[in-house]
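Containing PDB, C-alpha atoms and all ligand atoms: final.pdb.
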```pdb
ATOM      1  CA  MET A 911      62.155  41.488 -61.252
ATOM      2  CA  GLY A 912      64.295  43.932 -63.172
ATOM      3  CA  HIS A 913      61.750  46.674 -62.614
ATOM      4  CA  MET A 914      61.551  46.126 -58.888
ATOM      5  CA  ALA A 915      65.327  46.089 -58.467
ATOM      6  CA  ALA A 916      65.748  49.258 -60.509
ATOM      7  CA  GLY A 917      62.923  50.963 -58.631
ATOM      8  CA  ALA A 918      64.316  50.059 -55.233
ATOM      9  CA  ALA A 919      67.802  51.255 -56.215
ATOM     10  CA  ALA A 920      66.392  54.556 -57.521
ATOM     11  CA  LEU A 921      64.638  55.126 -54.213
ATOM     12  CA  GLY A 922      67.810  54.335 -52.344
ATOM     13  CA  LEU A 923      66.252  51.339 -50.622
ATOM     14  CA  ALA A 924      68.778  48.739 -51.709
ATOM     15  CA  ALA A 925      72.408  48.738 -50.697
ATOM     16  CA  PRO A 926      74.738  49.039 -53.687
ATOM     17  CA  GLY A 927      75.573  45.652 -55.157
ATOM     18  CA  LYS A 928      72.973  43.945 -52.991
ATOM     19  CA  SER A 929      69.671  42.807 -54.308
ATOM     20  CA  GLN A 930      66.950  41.169 -52.265
ATOM     21  CA  ASN A 931      64.760  40.931 -55.333
ATOM     22  CA  ARG A 932      66.246  38.027 -57.198
ATOM     23  CA  ASP A 933      63.893  35.290 -58.323
ATOM     24  CA  PRO A 934      63.748  32.311 -55.979
ATOM     25  CA  VAL A 935      65.573  29.241 -57.215
ATOM     26  CA  GLY A 936      63.200  26.285 -56.944
ATOM     27  CA  VAL A 937      64.602  22.807 -56.358
ATOM     28  CA  VAL A 938      62.614  19.581 -56.780
ATOM     29  CA  VAL A 939      63.901  16.499 -54.971
ATOM     30  CA  ALA A 940      62.699  13.058 -56.003
ATOM     31  CA  SER A 941      63.978   9.518 -56.029
ATOM     32  CA  ASP A 942      63.549   5.852 -56.869
ATOM     33  CA  ILE A 943      61.876   5.888 -60.253
ATOM     34  CA  HIS A 944      62.733   2.234 -60.966
ATOM     35  CA  LEU A 945      62.084   2.590 -64.664
ATOM     36  CA  LEU A 946      61.437  -0.686 -66.458
ATOM     37  CA  PRO A 947      61.486  -0.402 -70.266
ATOM     38  CA  ASP A 948      59.157  -3.370 -70.690
ATOM     39  CA  GLN A 949      56.609  -1.903 -68.257
ATOM     40  CA  PRO A 950      55.065   1.187 -69.877
ATOM     41  CA  LEU A 951      53.351   2.093 -66.618
ATOM     42  CA  SER A 952      56.685   2.890 -65.030
ATOM     43  CA  ALA A 953      57.529   5.415 -67.762
ATOM     44  CA  ARG A 954      54.049   6.869 -67.505
ATOM     45  CA  SER A 955      54.473   7.316 -63.758
ATOM     46  CA  PHE A 956      57.655   9.274 -64.329
ATOM     47  CA  MET A 957      55.991  11.384 -67.020
ATOM     48  CA  MET A 958      53.285  12.345 -64.500
ATOM     49  CA  PHE A 959      56.090  13.747 -62.389
ATOM     50  CA  VAL A 960      57.588  15.546 -65.428
ATOM     51  CA  GLU A 961      54.209  17.104 -66.170
ATOM     52  CA  ASP A 962      53.745  18.176 -62.560
ATOM     53  CA  VAL A 963      57.139  19.892 -62.448
ATOM     54  CA  ASN A 964      56.864  21.529 -65.867
ATOM     55  CA  GLU A 965      53.321  22.802 -65.434
ATOM     56  CA  ARG A 966      52.901  23.487 -61.746
ATOM     57  CA  LEU A 967      56.336  24.496 -60.487
ATOM     58  CA  PRO A 968      57.252  27.532 -62.605
ATOM     59  CA  ASP A 969      60.094  28.541 -60.268
ATOM     60  CA  ALA A 970      61.770  25.119 -60.371
ATOM     61  CA  ARG A 971      65.277  25.508 -61.746
ATOM     62  CA  TYR A 972      66.783  22.184 -60.682
ATOM     63  CA  VAL A 973      65.523  18.640 -60.287
ATOM     64  CA  LEU A 974      67.582  16.372 -58.060
ATOM     65  CA  LEU A 975      66.968  12.699 -58.780
ATOM     66  CA  LEU A 976      68.447  10.634 -55.985
ATOM     67  CA  GLY A 977      69.108   7.326 -57.653
ATOM     68  CA  ASP A 978      67.449   4.057 -58.581
ATOM     69  CA  LEU A 979      66.494   5.902 -61.730
ATOM     70  CA  MET A 980      65.902   2.510 -63.304
ATOM     71  CA  ASP A 981      65.250  -0.957 -61.995
ATOM     72  CA  TRP A 982      68.356  -2.460 -63.586
ATOM     73  CA  GLY A 983      71.256  -0.608 -65.240
ATOM     74  CA  THR A 984      70.999  -1.967 -68.773
ATOM     75  CA  ASP A 985      71.787   0.064 -71.882
ATOM     76  CA  GLU A 986      68.122   0.002 -72.828
ATOM     77  CA  SER A 987      67.112   1.404 -69.437
ATOM     78  CA  PHE A 988      69.770   4.129 -69.497
ATOM     79  CA  GLU A 989      68.697   5.156 -72.975
ATOM     80  CA  LEU A 990      65.025   5.436 -72.037
ATOM     81  CA  MET A 991      65.814   7.213 -68.765
ATOM     82  CA  ALA A 992      67.918   9.791 -70.595
ATOM     83  CA  GLU A 993      65.116  10.349 -73.082
ATOM     84  CA  LEU A 994      62.448  10.807 -70.395
ATOM     85  CA  GLN A 995      64.605  13.149 -68.309
ATOM     86  CA  GLY A 996      65.056  15.237 -71.432
ATOM     87  CA  HIS A 997      61.404  16.298 -71.092
ATOM     88  CA  LEU A 998      62.007  18.056 -67.775
ATOM     89  CA  ARG A 999      62.179  21.854 -68.137
ATOM     90  CA  PRO A1000      64.548  22.469 -65.171
ATOM     91  CA  ARG A1001      68.147  21.295 -65.191
ATOM     92  CA  VAL A1002      68.370  17.705 -63.981
ATOM     93  CA  LEU A1003      71.067  16.556 -61.570
ATOM     94  CA  GLY A1004      71.027  12.881 -60.801
ATOM     95  CA  ALA A1005      72.732  10.481 -58.446
ATOM     96  CA  LEU A1006      73.503   6.784 -58.878
ATOM     97  CA  GLY A1007      71.528   4.233 -56.898
ATOM     98  CA  ASN A1008      72.204   0.542 -56.373
ATOM     99  CA  HIS A1009      69.614  -0.369 -59.012
ATOM    100  CA  ASP A1010      71.402   1.755 -61.620
ATOM    101  CA  PHE A1011      74.263  -0.736 -61.694
ATOM    102  CA  SER A1012      74.469  -3.438 -64.325
ATOM    103  CA  PRO A1013      74.444  -7.181 -63.755
ATOM    104  CA  LYS A1014      77.749  -8.571 -62.545
ATOM    105  CA  LEU A1015      80.055  -9.272 -65.474
ATOM    106  CA  GLU A1016      81.171 -12.843 -66.006
ATOM    107  CA  GLY A1017      84.390 -13.671 -64.187
ATOM    108  CA  ASP A1018      84.333 -10.452 -62.169
ATOM    109  CA  GLU A1019      84.751 -11.946 -58.691
ATOM    110  CA  THR A1020      84.917  -8.719 -56.703
ATOM    111  CA  GLY A1021      82.430  -6.805 -58.839
ATOM    112  CA  GLU A1022      84.967  -4.056 -59.346
ATOM    113  CA  ARG A1023      84.883  -4.162 -63.149
ATOM    114  CA  SER A1024      81.096  -4.309 -63.163
ATOM    115  CA  ASP A1025      80.905  -1.243 -60.939
ATOM    116  CA  ALA A1026      83.442   0.630 -63.043
ATOM    117  CA  ARG A1027      81.485  -0.059 -66.208
ATOM    118  CA  SER A1028      78.225   1.063 -64.594
ATOM    119  CA  LEU A1029      79.818   4.303 -63.416
ATOM    120  CA  GLU A1030      80.942   4.953 -67.001
ATOM    121  CA  ARG A1031      77.465   4.242 -68.339
ATOM    122  CA  PHE A1032      75.942   6.671 -65.867
ATOM    123  CA  VAL A1033      78.290   9.453 -66.964
ATOM    124  CA  ASP A1034      77.952   8.687 -70.692
ATOM    125  CA  TYR A1035      74.192   8.348 -70.921
ATOM    126  CA  LEU A1036      73.048  10.997 -68.477
ATOM    127  CA  SER A1037      75.865  13.534 -68.830
ATOM    128  CA  TYR A1038      75.163  15.402 -65.609
ATOM    129  CA  ALA A1039      78.843  15.960 -64.982
ATOM    130  CA  PRO A1040      82.313  14.798 -66.020
ATOM    131  CA  GLY A1041      82.315  12.169 -63.269
ATOM    132  CA  PRO A1042      79.879   9.984 -61.311
ATOM    133  CA  TYR A1043      80.239  12.220 -58.246
ATOM    134  CA  TYR A1044      80.275  15.965 -58.669
ATOM    135  CA  SER A1045      79.205  19.279 -57.225
ATOM    136  CA  PHE A1046      77.635  22.497 -58.438
ATOM    137  CA  ALA A1047      76.590  25.795 -56.890
ATOM    138  CA  ALA A1048      73.421  27.882 -57.091
ATOM    139  CA  GLY A1049      74.558  31.225 -55.722
ATOM    140  CA  ASN A1050      76.360  30.366 -52.492
ATOM    141  CA  VAL A1051      74.493  27.080 -52.009
ATOM    142  CA  ARG A1052      76.741  24.139 -52.836
ATOM    143  CA  PHE A1053      75.117  20.883 -53.947
ATOM    144  CA  ILE A1054      77.400  17.873 -53.587
ATOM    145  CA  VAL A1055      76.253  14.700 -55.330
ATOM    146  CA  LEU A1056      77.764  11.406 -54.148
ATOM    147  CA  ALA A1057      77.970   8.099 -55.995
ATOM    148  CA  THR A1058      77.391   5.153 -53.669
ATOM    149  CA  GLU A1059      78.628   1.958 -55.308
ATOM    150  CA  ARG A1060      77.122  -1.477 -55.017
ATOM    151  CA  TYR A1061      79.173  -4.649 -55.308
ATOM    152  CA  HIS A1062      81.971  -3.503 -53.039
ATOM    153  CA  SER A1063      79.380  -3.246 -50.327
ATOM    154  CA  ASN A1064      77.537  -6.482 -50.896
ATOM    155  CA  PRO A1065      79.406  -9.117 -52.847
ATOM    156  CA  SER A1066      76.343 -11.263 -53.476
ATOM    157  CA  ASP A1067      74.194 -10.901 -56.569
ATOM    158  CA  VAL A1068      71.361  -9.175 -54.758
ATOM    159  CA  ALA A1069      72.765  -6.103 -53.079
ATOM    160  CA  TYR A1070      71.072  -3.117 -51.530
ATOM    161  CA  GLY A1071      73.858  -1.412 -49.627
ATOM    162  CA  GLY A1072      76.070   1.458 -50.679
ATOM    163  CA  TRP A1073      79.842   1.686 -50.600
ATOM    164  CA  ILE A1074      81.973   4.817 -50.860
ATOM    165  CA  SER A1075      85.585   4.717 -52.044
ATOM    166  CA  ASP A1076      88.398   6.361 -50.079
ATOM    167  CA  ALA A1077      89.077   8.577 -53.085
ATOM    168  CA  GLN A1078      85.503   9.848 -52.969
ATOM    169  CA  ILE A1079      85.651  10.455 -49.217
ATOM    170  CA  GLN A1080      88.822  12.517 -49.736
ATOM    171  CA  TRP A1081      87.121  14.420 -52.536
ATOM    172  CA  LEU A1082      84.091  15.106 -50.316
ATOM    173  CA  ASP A1083      86.325  16.390 -47.538
ATOM    174  CA  GLY A1084      87.995  18.767 -50.003
ATOM    175  CA  GLN A1085      84.644  19.961 -51.340
ATOM    176  CA  LEU A1086      83.366  20.673 -47.823
ATOM    177  CA  ALA A1087      86.550  22.527 -46.868
ATOM    178  CA  THR A1088      86.340  24.688 -49.995
ATOM    179  CA  ALA A1089      82.640  25.353 -49.415
ATOM    180  CA  GLU A1090      83.284  26.471 -45.845
ATOM    181  CA  ALA A1091      86.078  28.806 -46.952
ATOM    182  CA  ALA A1092      83.749  30.287 -49.580
ATOM    183  CA  HIS A1093      80.888  30.763 -47.060
ATOM    184  CA  GLU A1094      78.660  28.368 -48.924
ATOM    185  CA  ALA A1095      75.728  26.447 -47.457
ATOM    186  CA  VAL A1096      76.017  22.742 -48.239
ATOM    187  CA  ILE A1097      73.360  20.341 -49.476
ATOM    188  CA  LEU A1098      74.591  16.764 -49.773
ATOM    189  CA  CYS A1099      72.767  14.434 -52.170
ATOM    190  CA  SER A1100      73.097  10.655 -52.277
ATOM    191  CA  HIS A1101      71.045   7.573 -52.914
ATOM    192  CA  HIS A1102      71.807   5.873 -49.615
ATOM    193  CA  GLY A1103      71.308   7.810 -46.409
ATOM    194  CA  ILE A1104      74.567   9.071 -44.903
ATOM    195  CA  MET A1105      73.592   8.552 -41.277
ATOM    196  CA  GLY A1106      74.843   4.989 -41.263
ATOM    197  CA  ARG A1107      71.486   3.374 -40.950
ATOM    198  CA  ALA A1108      68.129   3.471 -42.628
ATOM    199  CA  TRP A1109      65.128   4.923 -41.033
ATOM    200  CA  HIS A1110      64.991   3.685 -37.474
ATOM    201  CA  THR A1111      66.311   0.314 -38.475
ATOM    202  CA  ASP A1112      69.770  -1.154 -38.427
ATOM    203  CA  VAL A1113      68.989  -3.387 -41.358
ATOM    204  CA  LYS A1114      72.394  -3.575 -42.969
ATOM    205  CA  PRO A1115      71.506  -3.972 -46.638
ATOM    206  CA  TYR A1116      69.573  -0.709 -46.535
ATOM    207  CA  SER A1117      72.374   1.522 -45.347
ATOM    208  CA  LEU A1118      75.974   2.308 -46.132
ATOM    209  CA  ASN A1119      78.067  -0.798 -45.767
ATOM    210  CA  PRO A1120      80.413  -0.892 -43.972
ATOM    211  CA  ALA A1121      78.614   1.640 -41.786
ATOM    212  CA  GLY A1122      79.846   5.124 -41.060
ATOM    213  CA  PRO A1123      82.401   5.761 -43.836
ATOM    214  CA  LEU A1124      81.672   9.485 -43.673
ATOM    215  CA  ASP A1125      81.614   9.833 -39.888
ATOM    216  CA  GLU A1126      85.040  11.405 -39.622
ATOM    217  CA  VAL A1127      84.389  13.896 -42.408
ATOM    218  CA  LEU A1128      80.948  14.787 -41.095
ATOM    219  CA  ALA A1129      82.306  15.327 -37.595
ATOM    220  CA  SER A1130      84.754  17.961 -38.771
ATOM    221  CA  ARG A1131      82.892  19.621 -41.663
ATOM    222  CA  ARG A1132      79.523  21.283 -41.913
ATOM    223  CA  VAL A1133      76.710  19.762 -43.991
ATOM    224  CA  ASP A1134      73.443  21.663 -43.687
ATOM    225  CA  VAL A1135      71.069  19.246 -45.379
ATOM    226  CA  SER A1136      71.416  15.686 -46.609
ATOM    227  CA  PHE A1137      68.879  14.359 -49.105
ATOM    228  CA  SER A1138      68.685  10.683 -49.912
ATOM    229  CA  GLY A1139      66.323   8.094 -51.370
ATOM    230  CA  HIS A1140      66.596   4.302 -51.376
ATOM    231  CA  VAL A1141      64.183   3.599 -48.543
ATOM    232  CA  HIS A1142      60.785   3.814 -50.124
ATOM    233  CA  GLY A1143      58.812   3.620 -46.983
ATOM    234  CA  GLN A1144      58.306  -0.089 -46.661
ATOM    235  CA  VAL A1145      61.030  -0.991 -44.176
ATOM    236  CA  GLN A1146      60.549   1.495 -41.386
ATOM    237  CA  ALA A1147      58.053   0.876 -38.678
ATOM    238  CA  GLN A1148      57.782   4.603 -37.993
ATOM    239  CA  PRO A1149      56.693   7.283 -40.399
ATOM    240  CA  GLU A1150      59.502   9.757 -39.799
ATOM    241  CA  MET A1151      61.383  10.656 -42.937
ATOM    242  CA  ILE A1152      63.684  13.175 -41.311
ATOM    243  CA  GLU A1153      66.447  13.088 -38.751
ATOM    244  CA  ARG A1154      68.721  15.718 -37.253
ATOM    245  CA  ALA A1155      72.196  14.703 -36.143
ATOM    246  CA  ALA A1156      75.542  16.472 -35.714
ATOM    247  CA  GLY A1157      74.297  19.704 -37.284
ATOM    248  CA  THR A1158      72.856  18.019 -40.361
ATOM    249  CA  THR A1159      69.200  17.565 -41.236
ATOM    250  CA  TRP A1160      68.597  14.375 -43.187
ATOM    251  CA  VAL A1161      65.506  14.228 -45.380
ATOM    252  CA  ASN A1162      64.169  11.426 -47.572
ATOM    253  CA  GLY A1163      63.450  12.526 -51.117
ATOM    254  CA  GLY A1164      60.457  10.336 -51.839
ATOM    255  CA  ALA A1165      59.854   7.478 -54.220
ATOM    256  CA  LEU A1166      58.275   8.299 -57.551
ATOM    257  CA  SER A1167      57.455   4.854 -58.812
ATOM    258  CA  HIS A1168      56.212   3.762 -55.505
ATOM    259  CA  PHE A1169      52.683   4.523 -54.560
ATOM    260  CA  ARG A1170      51.129   3.996 -51.218
ATOM    261  CA  ASP A1171      47.433   4.629 -50.912
ATOM    262  CA  GLY A1172      47.532   5.888 -54.483
ATOM    263  CA  ARG A1173      49.847   8.805 -53.797
ATOM    264  CA  MET A1174      53.177   9.638 -55.375
ATOM    265  CA  GLN A1175      55.292  12.240 -53.596
ATOM    266  CA  CYS A1176      58.440  14.307 -53.953
ATOM    267  CA  ARG A1177      59.997  17.293 -52.186
ATOM    268  CA  TYR A1178      60.223  20.928 -53.182
ATOM    269  CA  PHE A1179      62.048  23.913 -51.714
ATOM    270  CA  GLU A1180      63.143  27.350 -52.834
ATOM    271  CA  LEU A1181      66.398  29.190 -52.310
ATOM    272  CA  VAL A1182      65.382  32.735 -51.471
ATOM    273  CA  ASP A1183      67.980  35.478 -51.675
ATOM    274  CA  GLY A1184      68.770  36.803 -48.209
ATOM    275  CA  ALA A1185      67.029  33.943 -46.379
ATOM    276  CA  ARG A1186      68.720  31.983 -43.594
ATOM    277  CA  SER A1187      66.714  28.815 -44.035
ATOM    278  CA  ILE A1188      64.889  26.644 -46.526
ATOM    279  CA  ALA A1189      61.423  25.156 -46.140
ATOM    280  CA  VAL A1190      61.447  21.633 -47.529
ATOM    281  CA  ARG A1191      57.909  20.640 -48.400
ATOM    282  CA  SER A1192      56.393  17.281 -49.107
ATOM    283  CA  ARG A1193      54.544  17.432 -52.390
ATOM    284  CA  ASP A1194      51.892  15.225 -53.919
ATOM    285  CA  VAL A1195      52.758  14.605 -57.546
ATOM    286  CA  ALA A1196      49.647  12.661 -58.364
ATOM    287  CA  ASP A1197      46.759  10.694 -57.068
ATOM    288  CA  VAL A1198      46.673   7.536 -59.129
ATOM    289  CA  ARG A1199      44.132   5.545 -57.189
ATOM    290  CA  GLU A1200      41.655   5.382 -60.061
ATOM    291  CA  THR A1201      44.200   5.116 -62.888
ATOM    292  CA  PRO A1202      46.081   2.232 -64.534
ATOM    293  CA  GLU A1203      49.312   3.647 -63.012
ATOM    294  CA  ALA A1204      48.103   2.319 -59.673
ATOM    295  CA  ASP A1205      49.308  -1.087 -60.867
ATOM    296  CA  HIS A1206      52.922   0.037 -60.907
ATOM    297  CA  PRO A1207      53.756  -1.197 -57.448
ATOM    298  CA  THR A1208      54.567  -0.201 -53.952
ATOM    299  CA  GLY A1209      54.906   2.386 -51.207
ATOM    300  CA  CYS A1210      55.861   5.994 -50.680
ATOM    301  CA  PHE A1211      55.564   8.293 -47.665
ATOM    302  CA  LEU A1212      53.399   7.240 -44.819
ATOM    303  CA  GLN A1213      52.484  10.844 -44.203
ATOM    304  CA  GLU A1214      53.271  14.330 -45.396
ATOM    305  CA  LEU A1215      56.298  16.073 -44.030
ATOM    306  CA  ASP A1216      57.409  19.675 -44.191
ATOM    307  CA  VAL A1217      60.555  20.825 -42.473
ATOM    308  CA  GLU A1218      62.286  24.178 -41.995
ATOM    309  CA  VAL A1219      66.074  23.887 -42.034
ATOM    310  CA  GLU A1220      68.366  26.671 -40.898
ATOM    311  CA  LEU A1221      71.513  27.010 -42.994
ATOM    312  CA  GLY A1222      75.025  27.873 -41.900
ATOM    313  CA  HIS A1223      75.122  30.884 -44.243
ATOM    314  CA  ILE A1224      72.581  33.404 -45.488
ATOM    315  CA  ILE A1225      71.547  32.570 -49.048
ATOM    316  CA  ASP A1226      73.235  34.857 -51.563
ATOM    317  CA  LEU A1227      72.035  34.414 -55.122
ATOM    318  CA  SER A1228      74.051  37.311 -56.545
ATOM    319  CA  GLY A1229      76.295  34.899 -58.418
ATOM    320  CA  GLU A1230      73.366  32.926 -59.840
ATOM    321  CA  THR A1231      72.508  33.486 -63.485
ATOM    322  CA  PRO A1232      68.905  32.783 -64.470
TER
HETATM  323 FE    FE B   1      68.055   1.766 -53.686
END
```

As structure tokens, what does this structure read like?
Amino acid sequence: MGHMAAGAAALGLAAPGKSQNRDPVGVVVASDIHLLPDQPLSARSFMMFVEDVNERLPDARYVLLLGDLMDWGTDESFELMAELQGHLRPRVLGALGNHDFSPKLEGDETGERSDARSLERFVDYLSYAPGPYYSFAAGNVRFIVLATERYHSNPSDVAYGGWISDAQIQWLDGQLATAEAAHEAVILCSHHGIMGRAWHTDVKPYSLNPAGPLDEVLASRRVDVSFSGHVHGQVQAQPEMIERAAGTTWVNGGALSHFRDGRMQCRYFELVDGARSIAVRSRDVADVRETPEADHPTGCFLQELDVEVELGHIIDLSGETP
């Protein structure tokens, strides 16, 4: 790229300080690995994804993993997950899912201590950031990663919903205000969908609970894209994995451990300097119909989905270091 930029500048084709020739920044979005240390097939499924990214997506610079990294947040699972993620060539940025929480501690009626300990484990083992929710920027594209907690939402032992603390909502509001002031496009990442319901259902356990904790923030701040996981494809009657509401396009990231018809899918898009939009593509990681991995259960997308999303700001990668 250096040659092209220098050549263009020498010919007077590029405005000073502006380059349209920066390498695209590839971003892989995937979710719901549900790693089980005592089931080798689950680790092998994830390694098929690692191989796909490392070998066939040379421009991938980030991998967003949208929670339910493991099936149960034990130390053993965290350790193995950290080890497997270490094989990915791009930088990994993960989010917490309800399955990444540990069993409820004895005597912890509200689940608050259990949640707190799980949040610490997540930060310690996976070291994405100094806290369980965090943000980072690629050029002027701001990625905000939420941590949806579990027991606060559903006090019973089996809990699928996501809860967001007031402190985190305040933090999100601040992040969005700062991003807007800095002319950044915003991509929000979370395990649970932020639209207050799961795919064309109002099934409570599958959404944020109580519903709509972000409504006020989302009504007053701009979010260009929201990626989430959690819903693998088995609860919705309809195949849509995308929804547009209040200026935000919501896209499901895909479930890696969960095969339907032998396919395992994720998403991929590229940030292109000077572009006004991103094209989020649905990507087949592997066809496992004839392999032992087919025994690692359940469903993924019902059909492929590509979507073009216009951003609030033109992508500027001048601040991005390769
Ligand atoms: Fe989940």

What do you get as a PyMOL selection string if you pick all residues at most 9 Å from ligand FE 1 (chain B), counting only C-alpha atoms and all ligand atoms? chain A and resi 942+977-978+1007-1010+1070-1072+1101-1102+1116+1139-1142

Check what the PyMOL selection byres (((chain A and resi 1054) around 7) and not hetatm) selects in the file above and give those residues as a ChimeraX atom specification. /A:1044-1046,1052-1053,1055-1056,1097-1099

Since we have the selection now, will you write its residues out, keeping C-alpha atoms, as a PDB file, keeping the file's coordinate frame?
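The resulting file, again30.pdb, is reproduced below:
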```
ATOM      1  CA  TYR A1044      80.275  15.965 -58.669  1.00  0.00           C
ATOM      2  CA  SER A1045      79.205  19.279 -57.225  1.00  0.00           C
ATOM      3  CA  PHE A1046      77.635  22.497 -58.438  1.00  0.00           C
ATOM      4  CA  ARG A1052      76.741  24.139 -52.836  1.00  0.00           C
ATOM      5  CA  PHE A1053      75.117  20.883 -53.947  1.00  0.00           C
ATOM      6  CA  VAL A1055      76.253  14.700 -55.330  1.00  0.00           C
ATOM      7  CA  LEU A1056      77.764  11.406 -54.148  1.00  0.00           C
ATOM      8  CA  ILE A1097      73.360  20.341 -49.476  1.00  0.00           C
ATOM      9  CA  LEU A1098      74.591  16.764 -49.773  1.00  0.00           C
ATOM     10  CA  CYS A1099      72.767  14.434 -52.170  1.00  0.00           C
TER      11      CYS A1099
END
```

Atom pair atom CA of A:Gly1103 / atom CA of A:Pro1120: separation (Å): 12.8 Å

Closest to A:Val937 among A:Arg971, A:Arg1031, A:His1093, A:Arg1132, using all atoms listed in the file? A:Arg971

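Between atom CA of A:Gly1017 and atom CA of A:Phe1032 lies a distance of 22.1 Å.
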
Counting all atoms listed in the file, what is within 9 Å of A:Asp962, bar same-chain residues fewer than 5 positions away, as a list in words?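 Listing them by chain and then by number gives Met957, Leu967, Val1195 and Ala1196 of chain A.
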
If you measure from atom CA of A:Ala1057 to atom CA of A:Asp1018, what distance in Å do you get, rounded to one decimal? 20.6 Å

Just checking: using only C-alpha atoms, which residue out of A:Ala1089, A:Glu1200, A:Asn1050, A:Glu1016 ends up closest to A:Ala1185?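 That would be A:Asn1050, the residue with the smallest distance to A:Ala1185.
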
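For stretch 1176-1181 of chain A, the list of residues within 8 Å, based on only C-alpha atoms and with local chain neighbours fewer than 4 positions off taken out, reads A:Pro934, A:Val935, A:Gly936, A:Val937, A:Val938, A:Val939, A:Ala940, A:Ser941, A:Ala970, A:Gly1163, A:Gly1164, A:Ala1165, A:Leu1166, A:Ala1185, A:Ile1188, A:Ala1189, A:Val1190, A:Arg1191, A:Ser1192, A:Arg1193, A:Asp1194, A:Val1195, A:Ile1225.
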